[in-house]
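S.K.: I am sharing final39.txt, which consists of compact mmCIF, N, CA and C atoms:
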# COMPACT_ATOMS: atom_id res chain seq x y z
N MET A 261 60.35 52.07 16.19
CA MET A 261 60.05 50.68 16.45
C MET A 261 59.79 50.41 17.93
N CYS A 262 60.60 51.01 18.78
CA CYS A 262 60.54 50.74 20.21
C CYS A 262 59.26 51.32 20.81
N GLN A 263 58.51 50.48 21.54
CA GLN A 263 57.24 50.90 22.10
C GLN A 263 57.28 51.09 23.62
N HIS A 264 58.40 50.84 24.27
CA HIS A 264 58.44 50.94 25.72
C HIS A 264 59.22 52.17 26.19
N LYS A 265 59.08 52.48 27.47
CA LYS A 265 59.71 53.66 28.07
C LYS A 265 60.69 53.20 29.13
N PRO A 266 61.85 53.76 29.22
CA PRO A 266 62.44 54.68 28.25
C PRO A 266 62.73 53.94 26.94
N ALA A 267 62.75 54.71 25.89
CA ALA A 267 62.98 54.13 24.57
C ALA A 267 64.39 53.56 24.46
N CYS A 268 64.52 52.48 23.71
CA CYS A 268 65.83 51.88 23.48
C CYS A 268 66.67 52.77 22.57
N PRO A 269 67.99 52.59 22.60
CA PRO A 269 68.84 53.36 21.70
C PRO A 269 68.51 53.04 20.24
N SER A 270 68.67 54.01 19.39
CA SER A 270 68.41 53.81 17.96
C SER A 270 69.48 52.91 17.36
N ALA A 271 69.23 52.45 16.16
CA ALA A 271 70.18 51.58 15.46
C ALA A 271 71.46 52.33 15.11
N GLU A 272 71.42 53.65 15.08
CA GLU A 272 72.59 54.46 14.75
C GLU A 272 73.41 54.82 15.98
N ALA A 273 72.86 54.60 17.18
CA ALA A 273 73.55 54.97 18.42
C ALA A 273 74.71 54.01 18.70
N THR A 274 75.71 54.51 19.40
CA THR A 274 76.86 53.67 19.73
C THR A 274 76.50 52.57 20.72
N ASP A 275 75.45 52.77 21.51
CA ASP A 275 75.01 51.75 22.48
C ASP A 275 73.81 50.96 21.97
N ARG A 276 73.69 50.80 20.66
CA ARG A 276 72.54 50.13 20.03
C ARG A 276 72.32 48.72 20.55
N GLU A 277 73.38 48.04 21.01
CA GLU A 277 73.26 46.66 21.48
C GLU A 277 72.50 46.57 22.81
N ALA A 278 72.23 47.71 23.45
CA ALA A 278 71.50 47.72 24.71
C ALA A 278 69.98 47.63 24.51
N ALA A 279 69.53 47.63 23.27
CA ALA A 279 68.10 47.55 22.99
C ALA A 279 67.55 46.18 23.40
N VAL A 280 66.26 46.12 23.60
CA VAL A 280 65.57 44.91 24.04
C VAL A 280 65.51 43.88 22.91
N VAL A 281 65.76 42.62 23.24
CA VAL A 281 65.66 41.52 22.28
C VAL A 281 64.17 41.23 22.04
N VAL A 282 63.76 41.22 20.77
CA VAL A 282 62.37 40.91 20.44
C VAL A 282 62.23 39.52 19.81
N THR A 283 63.29 39.04 19.20
CA THR A 283 63.31 37.71 18.61
C THR A 283 64.67 37.10 18.88
N ALA A 284 64.70 35.87 19.36
CA ALA A 284 65.98 35.22 19.64
C ALA A 284 65.99 33.81 19.10
N TYR A 285 67.05 33.48 18.42
CA TYR A 285 67.30 32.12 17.92
C TYR A 285 68.71 31.73 18.34
N PRO A 286 68.92 31.46 19.63
CA PRO A 286 70.27 31.14 20.10
C PRO A 286 70.86 29.90 19.42
N GLU A 287 70.01 28.97 19.03
CA GLU A 287 70.51 27.78 18.35
C GLU A 287 71.05 28.11 16.96
N GLN A 288 70.63 29.24 16.40
CA GLN A 288 71.13 29.70 15.11
C GLN A 288 72.16 30.81 15.27
N GLY A 289 72.30 31.35 16.49
CA GLY A 289 73.34 32.32 16.76
C GLY A 289 72.99 33.77 16.48
N TRP A 290 71.69 34.12 16.51
CA TRP A 290 71.33 35.51 16.27
C TRP A 290 70.09 35.92 17.04
N SER A 291 69.96 37.24 17.20
CA SER A 291 68.79 37.85 17.84
C SER A 291 68.45 39.13 17.09
N GLN A 292 67.17 39.52 17.14
CA GLN A 292 66.76 40.80 16.59
C GLN A 292 66.38 41.70 17.75
N LEU A 293 66.90 42.91 17.72
CA LEU A 293 66.62 43.88 18.77
C LEU A 293 65.46 44.78 18.35
N CYS A 294 64.83 45.45 19.31
CA CYS A 294 63.65 46.26 19.00
C CYS A 294 63.99 47.47 18.13
N ASN A 295 65.25 47.82 18.00
CA ASN A 295 65.64 48.92 17.13
C ASN A 295 65.94 48.45 15.70
N GLY A 296 65.65 47.16 15.43
CA GLY A 296 65.81 46.63 14.08
C GLY A 296 67.17 46.03 13.79
N VAL A 297 68.08 46.04 14.75
CA VAL A 297 69.42 45.50 14.57
C VAL A 297 69.37 43.99 14.74
N PHE A 298 70.08 43.27 13.86
CA PHE A 298 70.29 41.83 14.02
C PHE A 298 71.66 41.67 14.64
N LEU A 299 71.71 41.01 15.78
CA LEU A 299 72.93 40.84 16.55
C LEU A 299 73.31 39.36 16.52
N PHE A 300 74.56 39.08 16.17
CA PHE A 300 75.03 37.70 16.05
C PHE A 300 75.94 37.34 17.21
N ASP A 301 76.01 36.04 17.52
CA ASP A 301 76.80 35.56 18.64
C ASP A 301 78.28 35.94 18.53
N ASP A 302 78.79 36.13 17.33
CA ASP A 302 80.19 36.51 17.17
C ASP A 302 80.39 38.02 17.33
N THR A 303 79.34 38.73 17.74
CA THR A 303 79.27 40.19 17.97
C THR A 303 79.17 41.00 16.68
N GLY A 304 79.00 40.35 15.55
CA GLY A 304 78.71 41.07 14.32
C GLY A 304 77.27 41.54 14.33
N GLU A 305 76.97 42.54 13.49
CA GLU A 305 75.63 43.11 13.45
C GLU A 305 75.23 43.45 12.02
N ILE A 306 73.94 43.45 11.77
CA ILE A 306 73.37 44.00 10.54
C ILE A 306 72.37 45.05 10.98
N LEU A 307 72.58 46.28 10.51
CA LEU A 307 71.69 47.39 10.85
C LEU A 307 70.48 47.39 9.93
N PRO A 308 69.41 48.08 10.30
CA PRO A 308 68.20 48.09 9.48
C PRO A 308 68.42 48.61 8.05
N ASP A 309 69.42 49.46 7.86
CA ASP A 309 69.69 49.98 6.51
C ASP A 309 70.56 49.04 5.68
N GLY A 310 70.91 47.86 6.25
CA GLY A 310 71.72 46.88 5.54
C GLY A 310 73.21 46.98 5.81
N LYS A 311 73.63 47.99 6.55
CA LYS A 311 75.05 48.15 6.87
C LYS A 311 75.49 47.00 7.77
N ILE A 312 76.67 46.48 7.49
CA ILE A 312 77.23 45.37 8.26
C ILE A 312 78.29 45.92 9.21
N ILE A 313 78.19 45.52 10.47
CA ILE A 313 79.19 45.86 11.47
C ILE A 313 79.97 44.57 11.74
N ALA A 314 81.27 44.61 11.48
CA ALA A 314 82.11 43.43 11.68
C ALA A 314 82.15 43.03 13.15
N PRO A 315 82.38 41.75 13.42
CA PRO A 315 82.49 41.32 14.81
C PRO A 315 83.54 42.15 15.55
N HIS A 316 83.23 42.47 16.80
CA HIS A 316 84.14 43.31 17.59
C HIS A 316 84.37 42.73 18.98
N ARG A 317 84.43 41.44 19.03
CA ARG A 317 84.70 40.72 20.27
C ARG A 317 86.09 41.07 20.75
N LEU A 318 86.24 41.28 22.06
CA LEU A 318 87.55 41.56 22.61
C LEU A 318 88.41 40.31 22.56
N ALA A 319 89.68 40.50 22.21
CA ALA A 319 90.61 39.38 22.17
C ALA A 319 90.95 38.96 23.60
N ALA A 320 91.17 37.68 23.78
CA ALA A 320 91.56 37.17 25.10
C ALA A 320 92.94 37.69 25.46
N THR A 321 93.10 38.09 26.69
CA THR A 321 94.40 38.56 27.16
C THR A 321 95.16 37.41 27.78
N ALA A 322 96.44 37.59 27.97
CA ALA A 322 97.28 36.54 28.54
C ALA A 322 96.79 36.17 29.94
N SER A 323 96.34 37.16 30.73
CA SER A 323 95.90 36.86 32.09
C SER A 323 94.60 36.06 32.10
N SER A 324 93.68 36.34 31.16
CA SER A 324 92.42 35.58 31.14
C SER A 324 92.64 34.20 30.52
N ALA A 325 93.63 34.07 29.64
CA ALA A 325 93.91 32.77 29.04
C ALA A 325 94.56 31.83 30.05
N ALA A 326 95.29 32.40 31.01
CA ALA A 326 95.97 31.58 32.01
C ALA A 326 95.03 31.12 33.11
N ALA A 327 93.90 31.75 33.24
CA ALA A 327 92.96 31.43 34.33
C ALA A 327 92.26 30.13 34.15
Would you kindly transcribe this structure into structure tokens?
M.R.:
Amino acid sequence: MCQHKPACPSAEATDREAAVVVTAYPEQGWSQLCNGVFLFDDTGEILPDGKIIAPHRLAATASSAAA
């Protein structure tokens, strides 16, 4: 799918979220990356093969909550 150099990480790569955004609907809370991954604002993902990746947002720590 990716047409630029260097090529973006594949949808199976652990760094797949580093791919270039090709479609963005921030008002709806999602973007499509050039590797075919749909990325949601809650950090959940849908891969091109239909596999769902649960949200993996880091929990707030006590020090960041106090700031």
S.K.: If you run DSSP over the backbone, which residues in chain A end up helix (DSSP H, G or I)? Put them as an MDAnalysis selection string.
M.R.: chainID A and resid 276:278 322:326
S.K.: Tell me which protein, DNA and RNA residues are within 6 Å of segment 290-307 of chain A, counting only N, CA and C atoms, leaving out same-chain ones fewer than 5 positions away, and put them as a ChimeraX atom specification.
M.R.: /A:261-262,269-271,279-285,312-317
S.K.: Give me, please, the distance in Å between atom CA of Ala267 of chain A and atom CA of Pro308 of chain A, quoted to one decimal.
M.R.: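 Result for atom CA of Ala267 of chain A versus atom CA of Pro308 of chain A: 17.1 Å, one decimal.
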S.K.: Go ahead and compute the interatomic distance for atom C of Ala273 of chain A and atom N of Asp309 of chain A, in Å to one decimal.
M.R.: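 These two atoms are separated by 12.9 Å.
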S.K.: Write out as a ChimeraX atom specification all residues of chain A that DSSP puts in strand (DSSP E or B) for this structure's backbone.
M.R.: /A:281-285,290-293,298-300,305-306,312-313
S.K.: Quick check, in Å to one decimal: how far apart do atom C of Glu272 of chain A and atom N of Gly289 of chain A lie?
M.R.: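 Atom C of Glu272 of chain A sits 23.5 Å away from atom N of Gly289 of chain A.
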